[in-house]
Amino acid sequence: VKLHTADGTILAMNRAGLAMLGARRAEQVVGTSVYGFIAPEHHEQYRAVSAAVFGGAPASMEFRLIGFRGRRRILETRVVPMRDAADDDT
């Protein structure tokens, strides 16, 4: 689980996400760009998925994640928008 802004700035990441990247502490990734950890060939698709989610739609994709030591993993992600009381559709 990770949270990031519309431009890709990482706000939070759980222990499992940190372990996949080879990070020991959240401070190593918080404030950096998610695109630094996504293989360049997947940036355009990831931007499209992010735009869909920030537009209110759920989305999913498969991409390569690149960790701190260069280890690559193939991940499938399913993402949904986070909503608060101001986002009520009723």
# chains A, B, ... in the order shown; residues from 1 in each chain; ligands from 1
>>> select_by_dssp(residues="chain A", states="strand (DSSP E)", output="CSV table (one decimal) with N, CA and C atoms, in the first residue's frame")
chain,number,residue,atom,x,y,z
A,2,LYS,N,0.6,2.1,-0.9
A,2,LYS,CA,1.3,3.4,-1.0
A,2,LYS,C,0.2,4.5,-1.3
A,3,LEU,N,0.5,5.7,-0.8
A,3,LEU,CA,-0.3,6.8,-1.2
A,3,LEU,C,0.6,7.8,-1.9
A,4,HIS,N,0.1,8.4,-3.0
A,4,HIS,CA,0.8,9.4,-3.6
A,4,HIS,C,-0.1,10.5,-4.2
A,10,ILE,N,5.3,10.5,-3.3
A,10,ILE,CA,4.9,9.5,-2.4
A,10,ILE,C,4.6,10.2,-1.0
A,11,LEU,N,3.4,9.9,-0.5
A,11,LEU,CA,3.0,10.5,0.8
A,11,LEU,C,3.2,9.5,2.0
A,12,ALA,N,3.0,8.2,1.7
A,12,ALA,CA,3.1,7.1,2.7
A,12,ALA,C,3.3,5.8,2.0
A,13,MET,N,3.9,4.8,2.7
A,13,MET,CA,4.1,3.5,2.2
A,13,MET,C,4.2,2.5,3.4
A,59,ALA,N,-8.9,1.5,-11.2
A,59,ALA,CA,-8.1,1.1,-12.3
A,59,ALA,C,-7.1,0.0,-11.9
A,60,SER,N,-6.5,-0.7,-12.8
A,60,SER,CA,-5.5,-1.7,-12.5
A,60,SER,C,-4.5,-1.7,-13.7
A,61,MET,N,-3.3,-2.2,-13.4
A,61,MET,CA,-2.3,-2.4,-14.4
A,61,MET,C,-1.2,-3.3,-13.9
A,62,GLU,N,-0.3,-3.8,-14.8
A,62,GLU,CA,0.8,-4.6,-14.5
A,62,GLU,C,2.0,-3.7,-14.9
A,63,PHE,N,3.1,-3.7,-14.1
A,63,PHE,CA,4.3,-2.9,-14.4
A,63,PHE,C,5.5,-3.4,-13.7
A,64,ARG,N,6.7,-3.0,-14.1
A,64,ARG,CA,7.9,-3.3,-13.4
A,64,ARG,C,8.3,-2.3,-12.4
A,65,LEU,N,8.6,-2.8,-11.2
A,65,LEU,CA,9.0,-1.9,-10.1
A,65,LEU,C,10.6,-2.1,-10.0
A,66,ILE,N,11.3,-1.1,-9.8
A,66,ILE,CA,12.7,-1.1,-9.7
A,66,ILE,C,13.1,-0.7,-8.2
A,72,ARG,N,14.4,-5.8,-10.1
A,72,ARG,CA,13.1,-5.5,-10.8
A,72,ARG,C,12.1,-6.6,-10.4
A,73,ARG,N,10.9,-6.2,-10.2
A,73,ARG,CA,9.8,-7.1,-9.9
A,73,ARG,C,8.6,-6.7,-10.8
A,74,ILE,N,7.9,-7.7,-11.2
A,74,ILE,CA,6.6,-7.4,-12.0
A,74,ILE,C,5.5,-7.4,-11.0
A,75,LEU,N,4.8,-6.3,-11.0
A,75,LEU,CA,3.7,-6.1,-10.0
A,75,LEU,C,2.4,-5.9,-10.8
A,76,GLU,N,1.3,-6.3,-10.2
A,76,GLU,CA,0.0,-6.0,-10.7
A,76,GLU,C,-0.7,-5.1,-9.6
A,77,THR,N,-1.2,-4.0,-9.9
A,77,THR,CA,-1.8,-3.1,-8.9
A,77,THR,C,-3.2,-2.9,-9.3
A,78,ARG,N,-4.0,-2.8,-8.3
A,78,ARG,CA,-5.4,-2.4,-8.4
A,78,ARG,C,-5.6,-1.2,-7.5
A,79,VAL,N,-6.1,-0.1,-8.0
A,79,VAL,CA,-6.2,1.1,-7.2
A,79,VAL,C,-7.6,1.7,-7.3
>>> residues_around(residues="Ala19 in chain A", least_positions_apart="3", cutoff="12 Å", atoms="only C-alpha atoms", output="PyMOL selection string")
chain A and resi 1+13-16+22-26+28-29+66-69+71+73
>>> residues_around(residues="Ser50 in chain A", least_positions_apart="6", cutoff="10 Å", atoms="only C-alpha atoms", output="VMD selection string")
chain A and resid 4 to 8 44 56 to 60 79 to 81
>>> write_last_selection(atoms="all heavy atoms", output="PDB file, in the first residue's frame")
ATOM      1  N   HIS A   4       0.073   8.378  -2.968  1.00  0.00           N
ATOM      2  CA  HIS A   4       0.844   9.433  -3.616  1.00  0.00           C
ATOM      3  C   HIS A   4      -0.080  10.486  -4.181  1.00  0.00           C
ATOM      4  O   HIS A   4      -1.270  10.273  -4.361  1.00  0.00           O
ATOM      5  CB  HIS A   4       1.805   8.874  -4.673  1.00  0.00           C
ATOM      6  CG  HIS A   4       1.170   8.236  -5.872  1.00  0.00           C
ATOM      7  ND1 HIS A   4       0.568   8.943  -6.885  1.00  0.00           N
ATOM      8  CD2 HIS A   4       1.074   6.940  -6.225  1.00  0.00           C
ATOM      9  CE1 HIS A   4       0.130   8.112  -7.810  1.00  0.00           C
ATOM     10  NE2 HIS A   4       0.417   6.872  -7.429  1.00  0.00           N
ATOM     11  N   THR A   5       0.497  11.651  -4.432  1.00  0.00           N
ATOM     12  CA  THR A   5      -0.251  12.769  -4.986  1.00  0.00           C
ATOM     13  C   THR A   5      -0.469  12.551  -6.480  1.00  0.00           C
ATOM     14  O   THR A   5       0.084  11.619  -7.071  1.00  0.00           O
ATOM     15  CB  THR A   5       0.519  14.085  -4.776  1.00  0.00           C
ATOM     16  OG1 THR A   5       1.759  13.988  -5.475  1.00  0.00           O
ATOM     17  CG2 THR A   5       0.766  14.365  -3.301  1.00  0.00           C
ATOM     18  N   ALA A   6      -1.238  13.437  -7.089  1.00  0.00           N
ATOM     19  CA  ALA A   6      -1.516  13.332  -8.523  1.00  0.00           C
ATOM     20  C   ALA A   6      -0.249  13.408  -9.364  1.00  0.00           C
ATOM     21  O   ALA A   6      -0.167  12.800 -10.426  1.00  0.00           O
ATOM     22  CB  ALA A   6      -2.503  14.413  -8.955  1.00  0.00           C
ATOM     23  N   ASP A   7       0.765  14.142  -8.889  1.00  0.00           N
ATOM     24  CA  ASP A   7       2.015  14.232  -9.658  1.00  0.00           C
ATOM     25  C   ASP A   7       2.985  13.094  -9.362  1.00  0.00           C
ATOM     26  O   ASP A   7       4.057  13.028  -9.943  1.00  0.00           O
ATOM     27  CB  ASP A   7       2.691  15.588  -9.459  1.00  0.00           C
ATOM     28  CG  ASP A   7       3.322  15.761  -8.079  1.00  0.00           C
ATOM     29  OD1 ASP A   7       3.192  14.875  -7.207  1.00  0.00           O
ATOM     30  OD2 ASP A   7       3.950  16.814  -7.858  1.00  0.00           O
ATOM     31  N   GLY A   8       2.611  12.182  -8.437  1.00  0.00           N
ATOM     32  CA  GLY A   8       3.446  11.017  -8.148  1.00  0.00           C
ATOM     33  C   GLY A   8       4.310  11.131  -6.912  1.00  0.00           C
ATOM     34  O   GLY A   8       5.088  10.224  -6.617  1.00  0.00           O
ATOM     35  N   GLU A  44       4.112   6.098 -18.885  1.00  0.00           N
ATOM     36  CA  GLU A  44       2.928   6.643 -19.560  1.00  0.00           C
ATOM     37  C   GLU A  44       1.655   5.937 -19.107  1.00  0.00           C
ATOM     38  O   GLU A  44       0.649   6.580 -18.800  1.00  0.00           O
ATOM     39  CB  GLU A  44       3.087   6.527 -21.076  1.00  0.00           C
ATOM     40  CG  GLU A  44       1.960   7.185 -21.843  1.00  0.00           C
ATOM     41  CD  GLU A  44       2.183   7.146 -23.347  1.00  0.00           C
ATOM     42  OE1 GLU A  44       3.342   7.198 -23.799  1.00  0.00           O
ATOM     43  OE2 GLU A  44       1.173   7.056 -24.059  1.00  0.00           O
ATOM     44  N   GLY A  56     -11.635   9.689 -10.178  1.00  0.00           N
ATOM     45  CA  GLY A  56     -12.720   9.014  -9.472  1.00  0.00           C
ATOM     46  C   GLY A  56     -13.002   7.588  -9.878  1.00  0.00           C
ATOM     47  O   GLY A  56     -13.915   6.961  -9.351  1.00  0.00           O
ATOM     48  N   ALA A  57     -12.233   7.029 -10.815  1.00  0.00           N
ATOM     49  CA  ALA A  57     -12.485   5.662 -11.289  1.00  0.00           C
ATOM     50  C   ALA A  57     -11.448   4.682 -10.749  1.00  0.00           C
ATOM     51  O   ALA A  57     -10.276   5.031 -10.625  1.00  0.00           O
ATOM     52  CB  ALA A  57     -12.446   5.639 -12.814  1.00  0.00           C
ATOM     53  N   PRO A  58     -11.855   3.458 -10.450  1.00  0.00           N
ATOM     54  CA  PRO A  58     -10.865   2.438 -10.093  1.00  0.00           C
ATOM     55  C   PRO A  58     -10.093   2.029 -11.348  1.00  0.00           C
ATOM     56  O   PRO A  58     -10.563   2.211 -12.468  1.00  0.00           O
ATOM     57  CB  PRO A  58     -11.712   1.285  -9.562  1.00  0.00           C
ATOM     58  CG  PRO A  58     -13.046   1.467 -10.197  1.00  0.00           C
ATOM     59  CD  PRO A  58     -13.215   2.952 -10.422  1.00  0.00           C
ATOM     60  N   ALA A  59      -8.896   1.495 -11.168  1.00  0.00           N
ATOM     61  CA  ALA A  59      -8.085   1.072 -12.313  1.00  0.00           C
ATOM     62  C   ALA A  59      -7.100  -0.001 -11.869  1.00  0.00           C
ATOM     63  O   ALA A  59      -6.890  -0.216 -10.672  1.00  0.00           O
ATOM     64  CB  ALA A  59      -7.336   2.263 -12.899  1.00  0.00           C
ATOM     65  N   SER A  60      -6.494  -0.659 -12.843  1.00  0.00           N
ATOM     66  CA  SER A  60      -5.469  -1.658 -12.545  1.00  0.00           C
ATOM     67  C   SER A  60      -4.467  -1.694 -13.689  1.00  0.00           C
ATOM     68  O   SER A  60      -4.757  -1.257 -14.803  1.00  0.00           O
ATOM     69  CB  SER A  60      -6.088  -3.033 -12.326  1.00  0.00           C
ATOM     70  OG  SER A  60      -6.709  -3.488 -13.496  1.00  0.00           O
ATOM     71  N   VAL A  79      -6.064  -0.114  -8.006  1.00  0.00           N
ATOM     72  CA  VAL A  79      -6.156   1.109  -7.219  1.00  0.00           C
ATOM     73  C   VAL A  79      -7.555   1.692  -7.279  1.00  0.00           C
ATOM     74  O   VAL A  79      -8.272   1.542  -8.265  1.00  0.00           O
ATOM     75  CB  VAL A  79      -5.120   2.158  -7.688  1.00  0.00           C
ATOM     76  CG1 VAL A  79      -3.722   1.729  -7.319  1.00  0.00           C
ATOM     77  CG2 VAL A  79      -5.199   2.378  -9.180  1.00  0.00           C
ATOM     78  N   VAL A  80      -7.928   2.325  -6.184  1.00  0.00           N
ATOM     79  CA  VAL A  80      -9.225   2.990  -6.092  1.00  0.00           C
ATOM     80  C   VAL A  80      -9.012   4.363  -5.465  1.00  0.00           C
ATOM     81  O   VAL A  80      -8.078   4.559  -4.688  1.00  0.00           O
ATOM     82  CB  VAL A  80     -10.235   2.191  -5.244  1.00  0.00           C
ATOM     83  CG1 VAL A  80     -10.577   0.859  -5.906  1.00  0.00           C
ATOM     84  CG2 VAL A  80      -9.724   1.976  -3.837  1.00  0.00           C
ATOM     85  N   PRO A  81      -9.864   5.316  -5.801  1.00  0.00           N
ATOM     86  CA  PRO A  81      -9.726   6.642  -5.201  1.00  0.00           C
ATOM     87  C   PRO A  81     -10.069   6.601  -3.717  1.00  0.00           C
ATOM     88  O   PRO A  81     -10.939   5.824  -3.302  1.00  0.00           O
ATOM     89  CB  PRO A  81     -10.723   7.507  -5.957  1.00  0.00           C
ATOM     90  CG  PRO A  81     -11.522   6.602  -6.823  1.00  0.00           C
ATOM     91  CD  PRO A  81     -10.922   5.250  -6.775  1.00  0.00           C
TER      92      PRO A  81
END
>>> atom_distance(atom1="CA of Met82 in chain A", atom2="CA of Glu27 in chain A")
22.5 Å
>>> select_by_dssp(residues="range 51-87 of chain A", states="helix (DSSP H, G or I)", output="ChimeraX atom specification")
/A:51-54,85-87
>>> atom_distance(atom1="CA of Phe37 in chain A", atom2="CA of Leu21 in chain A")
7.9 Å
>>> decode(residues="range 34-70 of chain A", atoms="N, CA, C and O atoms", output="mmCIF file, in the first residue's frame")
data_model
loop_
_atom_site.group_PDB
_atom_site.id
_atom_site.type_symbol
_atom_site.label_atom_id
_atom_site.label_comp_id
_atom_site.auth_asym_id
_atom_site.auth_seq_id
_atom_site.Cartn_x
_atom_site.Cartn_y
_atom_site.Cartn_z
ATOM 1 N N VAL A 34 7.144 8.497 -7.271
ATOM 2 C CA VAL A 34 6.870 7.093 -7.548
ATOM 3 C C VAL A 34 7.508 6.667 -8.872
ATOM 4 O O VAL A 34 7.897 5.520 -9.053
ATOM 5 N N TYR A 35 7.690 7.636 -9.787
ATOM 6 C CA TYR A 35 8.251 7.314 -11.099
ATOM 7 C C TYR A 35 9.727 6.932 -11.035
ATOM 8 O O TYR A 35 10.242 6.322 -11.960
ATOM 9 N N GLY A 36 10.387 7.241 -9.933
ATOM 10 C CA GLY A 36 11.754 6.788 -9.738
ATOM 11 C C GLY A 36 11.848 5.293 -9.479
ATOM 12 O O GLY A 36 12.921 4.704 -9.589
ATOM 13 N N PHE A 37 10.720 4.675 -9.163
ATOM 14 C CA PHE A 37 10.675 3.245 -8.858
ATOM 15 C C PHE A 37 9.930 2.432 -9.908
ATOM 16 O O PHE A 37 9.823 1.217 -9.791
ATOM 17 N N ILE A 38 9.408 3.090 -10.909
ATOM 18 C CA ILE A 38 8.669 2.415 -11.981
ATOM 19 C C ILE A 38 9.530 2.425 -13.231
ATOM 20 O O ILE A 38 10.085 3.468 -13.592
ATOM 21 N N ALA A 39 9.645 1.277 -13.886
ATOM 22 C CA ALA A 39 10.442 1.196 -15.112
ATOM 23 C C ALA A 39 9.931 2.224 -16.121
ATOM 24 O O ALA A 39 8.722 2.400 -16.280
ATOM 25 N N PRO A 40 10.855 2.932 -16.786
ATOM 26 C CA PRO A 40 10.458 4.008 -17.708
ATOM 27 C C PRO A 40 9.426 3.596 -18.752
ATOM 28 O O PRO A 40 8.564 4.403 -19.110
ATOM 29 N N GLU A 41 9.486 2.371 -19.231
ATOM 30 C CA GLU A 41 8.534 1.948 -20.255
ATOM 31 C C GLU A 41 7.096 1.873 -19.738
ATOM 32 O O GLU A 41 6.157 1.741 -20.520
ATOM 33 N N HIS A 42 6.903 1.969 -18.419
ATOM 34 C CA HIS A 42 5.558 1.918 -17.834
ATOM 35 C C HIS A 42 5.075 3.283 -17.339
ATOM 36 O O HIS A 42 3.955 3.394 -16.845
ATOM 37 N N HIS A 43 5.900 4.318 -17.459
ATOM 38 C CA HIS A 43 5.508 5.642 -16.950
ATOM 39 C C HIS A 43 4.227 6.161 -17.576
ATOM 40 O O HIS A 43 3.341 6.644 -16.863
ATOM 41 N N GLU A 44 4.112 6.098 -18.885
ATOM 42 C CA GLU A 44 2.928 6.643 -19.560
ATOM 43 C C GLU A 44 1.655 5.937 -19.107
ATOM 44 O O GLU A 44 0.649 6.580 -18.800
ATOM 45 N N GLN A 45 1.698 4.613 -19.045
ATOM 46 C CA GLN A 45 0.526 3.855 -18.608
ATOM 47 C C GLN A 45 0.206 4.171 -17.145
ATOM 48 O O GLN A 45 -0.959 4.331 -16.785
ATOM 49 N N TYR A 46 1.234 4.275 -16.297
ATOM 50 C CA TYR A 46 1.007 4.579 -14.886
ATOM 51 C C TYR A 46 0.378 5.972 -14.740
ATOM 52 O O TYR A 46 -0.518 6.158 -13.928
ATOM 53 N N ARG A 47 0.833 6.932 -15.550
ATOM 54 C CA ARG A 47 0.234 8.269 -15.504
ATOM 55 C C ARG A 47 -1.245 8.208 -15.895
ATOM 56 O O ARG A 47 -2.086 8.892 -15.295
ATOM 57 N N ALA A 48 -1.575 7.416 -16.896
ATOM 58 C CA ALA A 48 -2.974 7.277 -17.330
ATOM 59 C C ALA A 48 -3.818 6.634 -16.232
ATOM 60 O O ALA A 48 -4.948 7.077 -15.969
ATOM 61 N N VAL A 49 -3.283 5.612 -15.590
ATOM 62 C CA VAL A 49 -4.003 4.952 -14.491
ATOM 63 C C VAL A 49 -4.190 5.934 -13.337
ATOM 64 O O VAL A 49 -5.281 6.045 -12.764
ATOM 65 N N SER A 50 -3.149 6.666 -12.990
ATOM 66 C CA SER A 50 -3.251 7.648 -11.909
ATOM 67 C C SER A 50 -4.300 8.707 -12.234
ATOM 68 O O SER A 50 -5.091 9.091 -11.372
ATOM 69 N N ALA A 51 -4.308 9.191 -13.473
ATOM 70 C CA ALA A 51 -5.294 10.190 -13.872
ATOM 71 C C ALA A 51 -6.712 9.643 -13.727
ATOM 72 O O ALA A 51 -7.613 10.353 -13.268
ATOM 73 N N ALA A 52 -6.905 8.384 -14.102
ATOM 74 C CA ALA A 52 -8.228 7.774 -13.967
ATOM 75 C C ALA A 52 -8.648 7.716 -12.502
ATOM 76 O O ALA A 52 -9.784 8.060 -12.154
ATOM 77 N N VAL A 53 -7.731 7.301 -11.644
ATOM 78 C CA VAL A 53 -8.047 7.174 -10.217
ATOM 79 C C VAL A 53 -8.301 8.549 -9.601
ATOM 80 O O VAL A 53 -9.267 8.733 -8.862
ATOM 81 N N PHE A 54 -7.453 9.521 -9.908
ATOM 82 C CA PHE A 54 -7.683 10.864 -9.377
ATOM 83 C C PHE A 54 -8.937 11.486 -9.967
ATOM 84 O O PHE A 54 -9.497 12.414 -9.394
ATOM 85 N N GLY A 55 -9.426 10.948 -11.089
ATOM 86 C CA GLY A 55 -10.697 11.366 -11.672
ATOM 87 C C GLY A 55 -11.893 10.646 -11.079
ATOM 88 O O GLY A 55 -13.031 10.916 -11.439
ATOM 89 N N GLY A 56 -11.635 9.689 -10.178
ATOM 90 C CA GLY A 56 -12.720 9.014 -9.472
ATOM 91 C C GLY A 56 -13.002 7.588 -9.878
ATOM 92 O O GLY A 56 -13.915 6.961 -9.351
ATOM 93 N N ALA A 57 -12.233 7.029 -10.815
ATOM 94 C CA ALA A 57 -12.485 5.662 -11.289
ATOM 95 C C ALA A 57 -11.448 4.682 -10.749
ATOM 96 O O ALA A 57 -10.276 5.031 -10.625
ATOM 97 N N PRO A 58 -11.855 3.458 -10.450
ATOM 98 C CA PRO A 58 -10.865 2.438 -10.093
ATOM 99 C C PRO A 58 -10.093 2.029 -11.348
ATOM 100 O O PRO A 58 -10.563 2.211 -12.468
ATOM 101 N N ALA A 59 -8.896 1.495 -11.168
ATOM 102 C CA ALA A 59 -8.085 1.072 -12.313
ATOM 103 C C ALA A 59 -7.100 -0.001 -11.869
ATOM 104 O O ALA A 59 -6.890 -0.216 -10.672
ATOM 105 N N SER A 60 -6.494 -0.659 -12.843
ATOM 106 C CA SER A 60 -5.469 -1.658 -12.545
ATOM 107 C C SER A 60 -4.467 -1.694 -13.689
ATOM 108 O O SER A 60 -4.757 -1.257 -14.803
ATOM 109 N N MET A 61 -3.278 -2.230 -13.391
ATOM 110 C CA MET A 61 -2.257 -2.394 -14.418
ATOM 111 C C MET A 61 -1.158 -3.304 -13.897
ATOM 112 O O MET A 61 -1.037 -3.538 -12.704
ATOM 113 N N GLU A 62 -0.349 -3.783 -14.817
ATOM 114 C CA GLU A 62 0.846 -4.559 -14.495
ATOM 115 C C GLU A 62 2.048 -3.710 -14.910
ATOM 116 O O GLU A 62 2.028 -3.064 -15.959
ATOM 117 N N PHE A 63 3.083 -3.688 -14.075
ATOM 118 C CA PHE A 63 4.267 -2.883 -14.380
ATOM 119 C C PHE A 63 5.494 -3.449 -13.677
ATOM 120 O O PHE A 63 5.379 -4.283 -12.792
ATOM 121 N N ARG A 64 6.655 -2.961 -14.085
ATOM 122 C CA ARG A 64 7.912 -3.339 -13.444
ATOM 123 C C ARG A 64 8.291 -2.288 -12.407
ATOM 124 O O ARG A 64 8.335 -1.105 -12.700
ATOM 125 N N LEU A 65 8.582 -2.771 -11.208
ATOM 126 C CA LEU A 65 9.047 -1.946 -10.110
ATOM 127 C C LEU A 65 10.553 -2.125 -10.006
ATOM 128 O O LEU A 65 11.060 -3.248 -10.127
ATOM 129 N N ILE A 66 11.288 -1.051 -9.790
ATOM 130 C CA ILE A 66 12.738 -1.112 -9.659
ATOM 131 C C ILE A 66 13.102 -0.652 -8.245
ATOM 132 O O ILE A 66 12.830 0.486 -7.866
ATOM 133 N N GLY A 67 13.717 -1.545 -7.477
ATOM 134 C CA GLY A 67 14.090 -1.239 -6.099
ATOM 135 C C GLY A 67 15.392 -0.468 -5.997
ATOM 136 O O GLY A 67 16.067 -0.188 -6.993
ATOM 137 N N PHE A 68 15.780 -0.150 -4.767
ATOM 138 C CA PHE A 68 16.984 0.621 -4.499
ATOM 139 C C PHE A 68 18.252 -0.039 -5.037
ATOM 140 O O PHE A 68 19.175 0.646 -5.435
ATOM 141 N N ARG A 69 18.321 -1.329 -5.020
ATOM 142 C CA ARG A 69 19.517 -2.030 -5.502
ATOM 143 C C ARG A 69 19.377 -2.495 -6.944
ATOM 144 O O ARG A 69 20.140 -3.331 -7.402
ATOM 145 N N GLY A 70 18.381 -1.973 -7.650
ATOM 146 C CA GLY A 70 18.181 -2.318 -9.048
ATOM 147 C C GLY A 70 17.367 -3.573 -9.287
ATOM 148 O O GLY A 70 17.151 -3.953 -10.437
#
